[in-house]
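*Asks:* Just so it is clear, I am handing over start-v2.cif, which has mmCIF, C-alpha atoms.
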```cif
data_query
loop_
_atom_site.label_atom_id
_atom_site.label_comp_id
_atom_site.auth_asym_id
_atom_site.auth_seq_id
_atom_site.Cartn_x
_atom_site.Cartn_y
_atom_site.Cartn_z
CA MET A 997 23.45 -2.32 38.57
CA ILE A 998 19.80 -1.69 37.83
CA SER A 999 18.05 -4.80 36.63
CA ALA A 1000 15.66 -4.59 33.70
CA ARG A 1001 11.97 -5.07 34.35
CA GLN A 1002 9.28 -6.04 31.89
CA PHE A 1003 6.82 -3.30 30.98
CA PRO A 1004 3.61 -3.98 29.06
CA VAL A 1005 3.28 -1.35 26.35
CA LEU A 1006 0.37 -0.48 24.08
CA VAL A 1007 1.16 1.25 20.77
CA GLU A 1008 -1.87 2.57 18.91
CA VAL A 1009 -1.38 3.61 15.29
CA GLY A 1010 -3.97 5.63 13.41
CA LEU A 1011 -4.19 7.53 10.16
CA ARG A 1012 -3.39 11.24 10.25
CA PRO A 1013 -6.34 13.59 10.04
CA GLY A 1014 -7.01 14.28 6.38
CA ILE A 1015 -5.75 10.90 5.22
CA ALA A 1016 -8.63 8.92 3.76
CA ASP A 1017 -9.71 6.02 5.95
CA PRO A 1018 -11.86 3.79 3.74
CA GLN A 1019 -12.08 1.07 6.41
CA GLY A 1020 -13.37 3.45 9.05
CA ALA A 1021 -15.77 5.01 6.57
CA THR A 1022 -17.17 1.60 5.63
CA ILE A 1023 -17.73 0.66 9.28
CA GLU A 1024 -19.31 4.05 9.91
CA ARG A 1025 -21.79 3.47 7.10
CA ALA A 1026 -22.52 -0.08 8.26
CA LEU A 1027 -23.44 0.83 11.84
CA PRO A 1028 -26.88 2.42 11.22
CA ALA A 1029 -27.74 -0.48 8.93
CA LEU A 1030 -27.14 -2.81 11.87
CA GLY A 1031 -29.25 -0.69 14.18
CA PHE A 1032 -26.42 1.10 15.99
CA ASP A 1033 -27.45 4.74 15.93
CA GLY A 1034 -25.65 7.76 17.29
CA VAL A 1035 -22.09 6.94 16.23
CA ARG A 1036 -20.76 10.07 14.60
CA THR A 1037 -17.31 9.01 13.42
CA VAL A 1038 -15.25 5.84 13.07
CA ARG A 1039 -11.53 5.87 12.41
CA ALA A 1040 -9.81 2.50 11.98
CA GLY A 1041 -6.26 1.85 13.17
CA LYS A 1042 -3.92 -0.78 14.51
CA ALA A 1043 -2.89 -1.70 18.03
CA PHE A 1044 0.33 -3.45 19.08
CA ARG A 1045 0.95 -4.93 22.54
CA LEU A 1046 4.63 -5.23 23.39
CA THR A 1047 6.49 -6.37 26.47
CA VAL A 1048 9.61 -4.26 26.78
CA ASP A 1049 12.66 -4.81 28.96
CA ALA A 1050 13.51 -1.45 30.52
CA THR A 1051 14.98 0.01 33.69
CA ASP A 1052 11.92 2.18 34.38
CA ARG A 1053 8.76 3.52 32.78
CA ASP A 1054 10.53 6.43 31.08
CA ASP A 1055 13.03 4.03 29.56
CA ALA A 1056 10.21 1.80 28.34
CA GLN A 1057 8.39 4.82 26.92
CA ALA A 1058 11.52 5.94 25.04
CA ARG A 1059 12.20 2.48 23.60
CA ALA A 1060 8.64 1.93 22.49
CA THR A 1061 8.43 5.41 20.97
CA ASP A 1062 11.54 4.71 18.89
CA ILE A 1063 10.00 1.44 17.69
CA ALA A 1064 6.71 3.15 16.86
CA ASP A 1065 8.43 5.97 15.00
CA ARG A 1066 10.80 3.82 12.96
CA LEU A 1067 8.70 0.75 12.26
CA LEU A 1068 5.15 0.49 13.56
CA ALA A 1069 3.94 3.78 12.09
CA ASN A 1070 4.76 5.63 8.89
CA PRO A 1071 4.81 9.26 10.06
CA VAL A 1072 3.94 10.46 6.54
CA ILE A 1073 0.42 9.07 6.84
CA GLU A 1074 0.06 7.84 10.42
CA THR A 1075 0.20 9.02 14.01
CA TYR A 1076 0.88 6.88 17.06
CA GLU A 1077 0.32 6.89 20.79
CA VAL A 1078 2.45 4.94 23.27
CA THR A 1079 1.06 3.91 26.66
CA VAL A 1080 3.30 2.19 29.21
CA PHE A 1081 1.73 0.16 32.00
CA GLU A 1082 3.18 -0.76 35.37
CA ALA A 1083 5.85 -3.44 35.20
CA GLU A 1084 4.84 -6.92 36.13
CA SER A 1085 6.20 -7.94 39.53
CA PRO A 1086 9.30 -10.16 39.35
CA ASN A 1087 7.45 -12.92 41.26
CA ALA A 1088 4.59 -12.97 38.81
CA ALA A 1089 7.03 -13.03 35.92
CA SER A 1090 9.06 -15.94 37.28
CA SER A 1091 6.03 -18.01 38.23
CA SER A 1092 4.53 -17.85 34.76
CA MET B 842 28.99 -3.00 -22.91
CA PRO B 843 25.32 -3.60 -22.11
CA PRO B 844 24.39 -2.40 -18.63
CA ARG B 845 24.28 -5.02 -15.88
CA VAL B 846 21.10 -4.72 -13.88
CA GLY B 847 20.59 -6.22 -10.43
CA VAL B 848 17.00 -7.19 -9.66
CA VAL B 849 16.53 -7.36 -5.91
CA VAL B 850 14.54 -10.32 -4.64
CA PHE B 851 12.82 -9.97 -1.28
CA PRO B 852 10.92 -12.87 0.25
CA GLY B 853 7.54 -12.34 -1.40
CA SER B 854 8.70 -10.50 -4.51
CA ASN B 855 6.91 -11.91 -7.55
CA CYS B 856 7.85 -9.78 -10.57
CA GLU B 857 11.61 -10.34 -10.49
CA HIS B 858 11.63 -12.77 -13.42
CA ASP B 859 9.51 -10.42 -15.53
CA ALA B 860 12.01 -7.66 -14.81
CA VAL B 861 14.99 -9.86 -15.69
CA LEU B 862 13.31 -10.99 -18.92
CA ALA B 863 12.43 -7.44 -19.91
CA VAL B 864 15.98 -6.19 -19.35
CA ARG B 865 17.43 -9.09 -21.36
CA ARG B 866 14.95 -8.65 -24.22
CA LEU B 867 15.94 -5.01 -24.45
CA GLY B 868 19.65 -5.78 -24.67
CA GLY B 869 20.81 -5.50 -21.08
CA THR B 870 22.12 -8.19 -18.79
CA ALA B 871 20.30 -8.94 -15.58
CA ASP B 872 20.87 -10.97 -12.45
CA LEU B 873 18.74 -11.67 -9.42
CA LEU B 874 20.10 -10.23 -6.20
CA TRP B 875 18.93 -11.76 -2.91
CA HIS B 876 17.83 -9.21 -0.30
CA GLY B 877 20.25 -10.67 2.25
CA VAL B 878 23.38 -9.50 0.43
CA THR B 879 25.14 -6.40 1.69
CA THR B 880 26.80 -5.21 -1.51
CA VAL B 881 25.62 -4.30 -4.98
CA ALA B 882 29.12 -3.94 -6.41
CA GLY B 883 29.40 -4.70 -10.10
CA PHE B 884 25.91 -3.54 -11.05
CA ASP B 885 25.20 -0.52 -13.24
CA ALA B 886 21.57 -0.24 -12.15
CA LEU B 887 19.12 -1.77 -9.69
CA VAL B 888 15.46 -2.74 -9.93
CA LEU B 889 13.21 -3.25 -6.90
CA PRO B 890 10.47 -5.35 -8.46
CA GLY B 891 6.81 -5.78 -7.70
CA GLY B 892 5.26 -8.29 -5.35
CA PHE B 893 4.65 -8.52 -1.64
CA ALA B 894 8.03 -8.12 0.02
CA HIS B 895 7.95 -9.74 3.46
CA GLY B 896 4.27 -10.45 2.88
CA ASP B 897 3.46 -6.72 2.98
CA TYR B 898 3.05 -7.28 6.72
CA LEU B 899 2.51 -4.11 8.75
CA ARG B 900 2.56 -1.91 5.61
CA PRO B 901 3.88 -2.56 2.10
CA GLY B 902 7.63 -1.95 2.20
CA ALA B 903 7.75 -1.38 5.97
CA LEU B 904 9.82 -4.50 6.69
CA ALA B 905 11.65 -4.62 3.36
CA ARG B 906 13.42 -1.39 4.14
CA PHE B 907 15.24 -3.20 6.96
CA SER B 908 16.48 -5.93 4.59
CA PRO B 909 20.31 -6.09 4.61
CA VAL B 910 20.58 -5.08 0.93
CA MET B 911 18.81 -1.76 1.50
CA GLU B 912 21.84 0.00 2.97
CA ALA B 913 23.78 -0.87 -0.17
CA VAL B 914 20.84 0.30 -2.29
CA ALA B 915 20.81 3.62 -0.42
CA SER B 916 24.57 4.13 -0.91
CA PHE B 917 24.26 3.20 -4.58
CA ALA B 918 21.46 5.75 -4.99
CA GLU B 919 23.44 8.40 -3.17
CA GLU B 920 26.32 7.92 -5.59
CA GLY B 921 23.96 8.55 -8.50
CA GLY B 922 23.31 4.93 -9.43
CA PRO B 923 20.03 4.31 -11.27
CA VAL B 924 17.44 2.69 -9.00
CA LEU B 925 14.00 1.77 -10.33
CA GLY B 926 11.21 0.73 -7.96
CA ILE B 927 8.20 -0.81 -9.64
CA CYS B 928 4.92 -1.15 -7.72
CA ASN B 929 5.95 -2.84 -4.45
CA GLY B 930 9.46 -1.54 -5.21
CA PHE B 931 8.05 2.02 -5.23
CA GLN B 932 6.46 1.34 -1.84
CA VAL B 933 9.80 0.07 -0.51
CA LEU B 934 11.63 3.17 -1.78
CA CYS B 935 9.11 5.44 -0.02
CA GLU B 936 9.32 3.51 3.24
CA ALA B 937 13.11 3.62 3.02
CA GLY B 938 13.04 7.40 2.61
CA LEU B 939 14.73 7.24 -0.81
CA LEU B 940 11.61 8.82 -2.27
CA PRO B 941 9.23 11.15 -0.43
CA GLY B 942 5.60 10.44 0.41
CA ALA B 943 3.70 7.22 0.92
CA LEU B 944 1.30 4.89 -0.87
CA GLN B 945 -2.05 4.32 0.79
CA LYS B 946 -4.98 2.08 -0.06
CA ASN B 947 -6.73 2.81 -3.33
CA ARG B 948 -9.69 5.13 -3.26
CA GLY B 949 -12.70 2.81 -3.39
CA LEU B 950 -10.84 0.01 -1.55
CA ARG B 951 -10.49 -2.15 -4.63
CA PHE B 952 -7.45 -4.07 -5.80
CA LEU B 953 -6.84 -2.82 -9.34
CA CYS B 954 -5.61 -5.12 -12.09
CA THR B 955 -6.01 -3.40 -15.45
CA THR B 956 -4.16 -1.48 -18.14
CA VAL B 957 -4.20 2.30 -17.84
CA GLY B 958 -3.06 5.31 -19.83
CA VAL B 959 -0.16 7.29 -18.39
CA ARG B 960 1.53 10.46 -19.61
CA VAL B 961 5.23 11.26 -19.36
CA ASP B 962 5.40 14.67 -17.69
CA SER B 963 9.11 15.07 -17.00
CA GLU B 964 12.26 14.01 -18.80
CA ALA B 965 14.36 14.68 -15.70
CA SER B 966 14.65 11.02 -14.65
CA ILE B 967 16.50 7.91 -15.74
CA LEU B 968 13.20 6.32 -16.71
CA THR B 969 12.03 9.13 -18.97
CA LYS B 970 15.12 11.00 -20.18
CA ALA B 971 14.75 9.43 -23.64
CA VAL B 972 10.97 9.89 -23.78
CA PRO B 973 9.52 13.27 -24.82
CA SER B 974 7.17 14.92 -22.31
CA GLY B 975 3.57 14.49 -23.28
CA THR B 976 4.10 10.96 -24.59
CA ARG B 977 1.13 8.77 -23.72
CA LEU B 978 1.68 5.12 -22.92
CA ARG B 979 -0.52 2.18 -21.99
CA ILE B 980 0.91 0.18 -19.09
CA PRO B 981 -0.64 -2.39 -16.71
CA ILE B 982 -1.26 -1.65 -13.04
CA ASN B 983 -1.73 -4.29 -10.37
CA HIS B 984 -2.03 -2.91 -6.86
CA PHE B 985 -4.09 -2.28 -3.74
CA GLU B 986 -1.91 0.42 -2.17
CA GLY B 987 -1.15 2.68 -5.13
CA ASN B 988 -2.78 5.86 -3.94
CA TYR B 989 0.21 8.19 -3.66
CA THR B 990 0.06 10.87 -0.99
CA CYS B 991 2.37 13.43 0.56
CA ASP B 992 2.08 16.68 2.48
CA PRO B 993 1.33 19.89 0.53
CA SER B 994 4.90 21.24 0.77
CA THR B 995 6.32 17.99 -0.61
CA LEU B 996 3.81 18.07 -3.45
CA SER B 997 4.73 21.61 -4.46
CA CYS B 998 8.40 20.67 -4.22
CA LEU B 999 7.85 17.70 -6.55
CA GLN B 1000 5.94 19.95 -8.95
CA ASP B 1001 8.48 22.78 -8.84
CA GLU B 1002 11.44 20.46 -9.34
CA ASN B 1003 9.75 18.66 -12.24
CA ARG B 1004 9.91 15.34 -10.40
CA ILE B 1005 6.47 13.98 -11.26
CA VAL B 1006 7.62 11.80 -14.13
CA LEU B 1007 4.36 9.97 -14.89
CA ARG B 1008 0.71 10.91 -14.39
CA TYR B 1009 -2.41 8.82 -14.95
CA VAL B 1010 -4.54 10.04 -17.84
CA GLU B 1011 -7.57 8.90 -15.84
CA ASN B 1012 -6.83 8.57 -12.16
CA PRO B 1013 -7.66 4.98 -11.14
CA ASN B 1014 -6.76 5.02 -7.43
CA GLY B 1015 -7.14 8.51 -5.96
CA SER B 1016 -3.44 9.32 -6.18
CA ILE B 1017 -2.74 12.97 -5.40
CA ASP B 1018 -2.21 15.12 -8.54
CA ASP B 1019 -2.75 11.94 -10.63
CA ILE B 1020 0.78 10.81 -9.73
CA ALA B 1021 1.80 7.44 -11.17
CA GLY B 1022 5.56 7.88 -10.71
CA ILE B 1023 8.08 10.27 -9.17
CA CYS B 1024 11.85 10.63 -9.04
CA SER B 1025 14.49 11.80 -6.59
CA SER B 1026 15.94 15.30 -6.81
CA ALA B 1027 18.86 13.96 -8.86
CA GLY B 1028 16.53 11.96 -11.08
CA ASN B 1029 18.38 8.68 -10.57
CA VAL B 1030 15.85 7.07 -8.22
CA VAL B 1031 12.43 6.47 -9.75
CA GLY B 1032 9.34 4.84 -8.31
CA LEU B 1033 6.18 4.07 -10.25
CA MET B 1034 3.08 1.97 -9.67
CA PRO B 1035 2.54 0.80 -13.29
CA HIS B 1036 4.48 -2.25 -14.50
CA PRO B 1037 6.56 -1.41 -17.61
CA GLU B 1038 8.22 -4.84 -17.44
CA ARG B 1039 4.83 -6.42 -18.15
CA ALA B 1040 4.35 -4.41 -21.33
CA ILE B 1041 7.19 -5.52 -23.57
CA ASP B 1042 5.67 -8.32 -25.64
CA ALA B 1043 2.85 -7.83 -28.16
CA LEU B 1044 1.61 -11.34 -27.40
CA LEU B 1045 0.54 -10.09 -23.96
CA GLY B 1046 -0.83 -6.66 -24.90
CA PRO B 1047 0.73 -3.22 -25.13
CA THR B 1048 4.50 -2.93 -25.55
CA ASP B 1049 4.83 0.64 -24.28
CA GLY B 1050 6.79 -0.50 -21.25
CA SER B 1051 9.80 -0.99 -23.46
CA VAL B 1052 9.85 2.77 -24.19
CA LEU B 1053 10.49 3.48 -20.51
CA LEU B 1054 12.83 0.56 -19.92
CA ARG B 1055 14.99 1.49 -22.94
CA SER B 1056 15.45 4.91 -21.39
CA PHE B 1057 16.35 3.25 -18.07
CA LEU B 1058 18.91 0.98 -19.75
CA GLY B 1059 20.33 3.89 -21.73
CA ALA B 1060 20.77 5.91 -18.55
CA SER B 1061 22.37 2.88 -16.90
CA SER B 1062 24.93 2.52 -19.70
CA ASP B 1063 26.15 6.10 -19.43
CA ARG B 1064 26.26 6.52 -15.70
CA GLY B 1065 29.08 9.00 -16.13
CA SER B 1066 26.54 11.68 -16.94
CA ALA B 1067 24.39 10.95 -13.92
CA ARG B 1068 24.15 13.73 -11.41
CA PRO B 1069 25.00 12.30 -8.02
CA GLY B 1070 23.20 13.49 -4.95
CA VAL B 1071 21.12 12.48 -2.00
CA SER B 1072 17.86 11.46 -3.45
CA SER B 1073 14.74 12.03 -1.43
CA GLY B 1074 14.96 15.83 -1.50
CA CYS B 1075 11.97 17.95 -0.49
CA ALA B 1076 12.75 18.92 3.11
CA GLY B 1077 10.47 17.32 5.62
CA SER B 1078 9.13 14.89 3.10
CA SER B 1079 10.71 11.67 4.25
CA PRO B 1080 9.35 9.58 7.06
CA ALA B 1081 10.99 10.89 10.23
CA GLY B 1082 13.98 12.41 8.49
CA GLY B 1083 14.80 10.21 5.56
CA PRO B 1084 17.18 7.35 4.97
CA GLY B 1085 18.48 7.38 8.53
CA ARG B 1086 15.08 6.58 9.93
#
```
Please, can you express the file's structure as structure tokens?
*Replies:*
Amino acid sequence: MISARQFPVLVEVGLRPGIADPQGATIERALPALGFDGVRTVRAGKAFRLTVDATDRDDAQARATDIADRLLANPVIETYEVTVFEAESPNAASSS
Amino acid sequence: MPPRVGVVVFPGSNCEHDAVLAVRRLGGTADLLWHGVTTVAGFDALVLPGGFAHGDYLRPGALARFSPVMEAVASFAEEGGPVLGICNGFQVLCEAGLLPGALQKNRGLRFLCTTVGVRVDSEASILTKAVPSGTRLRIPINHFEGNYTCDPSTLSCLQDENRIVLRYVENPNGSIDDIAGICSSAGNVVGLMPHPERAIDALLGPTDGSVLLRSFLGASSDRGSARPGVSSGCAGSSPAGGPGR
């Protein structure tokens, strides 16, 4: 039996191109006023850090993608990107 | 027999008592229905009221659609039962895939609390079947995420199928095609951002909300004539494939 390991996962959710992003636009306008020049675009989004029990990275990717698609993002107006990192070593996990 | 209306209460709903009062004033009976129940048996119609279900965490309606009652709401809608989502209730219906599209933050990033003019543009829904197209009403709005959006194919589907039931006379929030309310393909599921339940007593302002709610109660009394059918319609319009999401 394959034991589950814990994979850190980052889910980034952003608005689809074409969907108005008033937050990003406000930040974009604020930057030059604060002296930060040379920033051409700002798009605001959300980031979620999960720790997922999975047998391997592909399994973790599949689980997190399902979560992103069904809950974390609304595919009508948002897109998402799932990044899976290397599982923490069992020793590190048990010592914490 | 007056129709019996179930008003769903999520943690964070705050317009449920207004909805109950409005239904009772207009001759119906109404009961609160906790979101944790798994059946809606015995009700002729359902209202998803305004508020901040589950704190609006993540997105308005995003968590509410996983509330236990929502499966029963979806089955009820599929059987042709009248379901009315007001404000936050509209957002819940969109997240649940019972109506297409989504509600994003208002253009201009302002919370809007005012009374606006709306026009009835379709009589093909439970909320408007007794109201002639072209009728103008004044109804309060009270929202931050009321800016309706959907992809172009969904929009043309809504237009072609006469499912845009209410439009703003002057668009307050950037909503696409001035949409204030839409219905399902069968017309029995309606979502709108304005609050008709807050416009039933002259002491508090306009009473035009009663025009819409009378139509809703009328449609709820004669459910026999309702056309059953899966509601969301418009292929590709629901989040990730509709109610099963």
*Asks:* List as a list in words the protein and nucleic acid residues near Ala1016 (chain A), meaning an atom at most 10 Å away when all atoms listed in the file are counted, but skip any in the same chain fewer than 6 places from it.
*Replies:*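 Near Ala1016 (chain A), the qualifying residues are Arg1039 and Ile1073 of chain A; Gln945, Lys946, Asn947, Arg948 and Gly1015 of chain B.
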*Asks:* The selected residues should be written to file as an mmCIF file, in the coordinates of the input (atoms: C-alpha atoms).
*Replies:*
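See result-v2.cif below for the written result:
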```cif
data_model
loop_
_atom_site.group_PDB
_atom_site.id
_atom_site.type_symbol
_atom_site.label_atom_id
_atom_site.label_comp_id
_atom_site.auth_asym_id
_atom_site.auth_seq_id
_atom_site.Cartn_x
_atom_site.Cartn_y
_atom_site.Cartn_z
ATOM 1 C CA ARG A 1039 -11.530 5.870 12.410
ATOM 2 C CA ILE A 1073 0.420 9.070 6.840
ATOM 3 C CA GLN B 945 -2.050 4.320 0.790
ATOM 4 C CA LYS B 946 -4.980 2.080 -0.060
ATOM 5 C CA ASN B 947 -6.730 2.810 -3.330
ATOM 6 C CA ARG B 948 -9.690 5.130 -3.260
ATOM 7 C CA GLY B 1015 -7.140 8.510 -5.960
#
```
*Asks:* Exactly which residues make up the result of the PyMOL selection byres ((chain A) within 8 of (chain B)) on this file, given as JSON, numbers by chain?
*Replies:* {"A": [1018, 1065, 1066, 1067, 1068, 1070, 1071, 1072, 1073]}
*Asks:* Quick one: write out the picked residues with C-alpha atoms as a compact mmCIF listing (two decimals), keeping the file's coordinate frame?
*Replies:*
```txt
# COMPACT_ATOMS: atom_id res chain seq x y z
CA PRO A 1018 -11.86 3.79 3.74
CA ASP A 1065 8.43 5.97 15.00
CA ARG A 1066 10.80 3.82 12.96
CA LEU A 1067 8.70 0.75 12.26
CA LEU A 1068 5.15 0.49 13.56
CA ASN A 1070 4.76 5.63 8.89
CA PRO A 1071 4.81 9.26 10.06
CA VAL A 1072 3.94 10.46 6.54
CA ILE A 1073 0.42 9.07 6.84
```
*Asks:* Please provide the set of residues having any atom within 10 Å of region 927-929 of chain B, restricted to all atoms listed in the file, with same-chain residues fewer than 4 positions apart removed, written as a ChimeraX atom specification.
*Replies:* /B:854-856,860,888-894,897,901-902,905,933-935,944,982-987,1021-1022,1031-1038
*Asks:* Quick one: pull the distance between CA of Phe851 (chain B) and CA of Gly938 (chain B), Å, one decimal.
*Replies:*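 Atom-to-atom, CA of Phe851 (chain B) to CA of Gly938 (chain B), that is 17.8 Å.
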*Asks:* Please provide the set of residues having any atom within 7 Å of His876 (chain B), restricted to all atoms listed in the file, with same-chain residues fewer than 4 positions apart removed, written as a list in words.
*Replies:*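 The residues satisfying every condition are Val849, Val850, Phe851, Ser908, Pro909 and Val910 of chain B.
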*Asks:* Need to verify the contact set: Val959 (chain B), 10 Å, all atoms listed in the file, exclusion of same-chain residues closer than 2 positions in sequence. Can you return it as a list in words?
*Replies:*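 With the cut-off at 10 Å, the set is Thr956, Val957, Val961, Asp962, Gly975, Thr976, Arg977, Leu978, Arg979, Ile980, Pro981, Val1006, Leu1007, Arg1008, Tyr1009, Val1010, Glu1011, Asn1012, Asp1019, Ile1020, Ala1021, Gly1022 and Pro1035 of chain B.
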*Asks:* With all atoms listed in the file as the counted atoms, please give the residues lying no more than 6 Å from Val1005 (chain A), apart from itself and same-chain residues fewer than 4 positions off, as a short mmCIF file (atom, residue, chain, number, x, y, z; two decimals) with C-alpha atoms, in the coordinates of the input.
*Replies:*
```cif
data_model
loop_
_atom_site.label_atom_id
_atom_site.label_comp_id
_atom_site.auth_asym_id
_atom_site.auth_seq_id
_atom_site.Cartn_x
_atom_site.Cartn_y
_atom_site.Cartn_z
CA ARG A 1045 0.95 -4.93 22.54
CA LEU A 1046 4.63 -5.23 23.39
CA THR A 1047 6.49 -6.37 26.47
CA THR A 1079 1.06 3.91 26.66
CA VAL A 1080 3.30 2.19 29.21
#
```
*Asks:* Tell me which residues the PyMOL selection byres ((chain B and resi 883) around 10) grabs here, as a PyMOL selection string.
*Replies:* chain B and resi 845-847+880-882+884-886
*Asks:* Could you dump the residues just selected with C-alpha atoms as an mmCIF file, in the coordinates of the input?
*Replies:*
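Saved result, out.cif, follows:
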```
data_model
loop_
_atom_site.group_PDB
_atom_site.id
_atom_site.type_symbol
_atom_site.label_atom_id
_atom_site.label_comp_id
_atom_site.auth_asym_id
_atom_site.auth_seq_id
_atom_site.Cartn_x
_atom_site.Cartn_y
_atom_site.Cartn_z
ATOM 1 C CA ARG B 845 24.280 -5.020 -15.880
ATOM 2 C CA VAL B 846 21.100 -4.720 -13.880
ATOM 3 C CA GLY B 847 20.590 -6.220 -10.430
ATOM 4 C CA THR B 880 26.800 -5.210 -1.510
ATOM 5 C CA VAL B 881 25.620 -4.300 -4.980
ATOM 6 C CA ALA B 882 29.120 -3.940 -6.410
ATOM 7 C CA PHE B 884 25.910 -3.540 -11.050
ATOM 8 C CA ASP B 885 25.200 -0.520 -13.240
ATOM 9 C CA ALA B 886 21.570 -0.240 -12.150
#
```
*Asks:* One decimal, Å: what's the distance from CA of Tyr1076 (chain A) over to CA of Lys1042 (chain A), could you say?
*Replies:*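 Answer for the CA of Tyr1076 (chain A) to CA of Lys1042 (chain A) separation: 9.4 Å.
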*Asks:* Expand the PyMOL selection byres ((chain A and resi 1009) around 9) into the individual residues it matches in the shown file, reporting them as a list in words.
*Replies:* Val1007, Glu1008, Gly1010, Leu1011, Gly1041, Lys1042, Ala1043, Phe1044, Ala1064, Leu1068, Ala1069, Glu1074, Thr1075, Tyr1076, Glu1077 and Val1078 of chain A
*Asks:* At what distance in Å, to one decimal, does CA of Ala1040 (chain A) lie from CA of Gln1019 (chain A)?
*Replies:*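 These atoms are spaced 6.2 Å apart.
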*Asks:* Can you tell me, as JSON, the centre and edge lengths (Å, one decimal) of the axis-aligned box enclosing all of region 1020-1038 of chain A's listed atoms after padding each side by 6 Å?
*Replies:*
```
{"center_x": -21.3, "center_y": 3.6, "center_z": 11.5, "size_x": 27.9, "size_y": 24.9, "size_z": 23.7}
```
*Asks:* Using only C-alpha atoms, what residues lie at most 12 Å away from (21.8, 5.5, -2.9) (file coordinates), given as a ChimeraX atom specification?
*Replies:* /B:880-881,886-887,910-925,934,937-940,1025,1027-1031,1069-1073,1083-1084
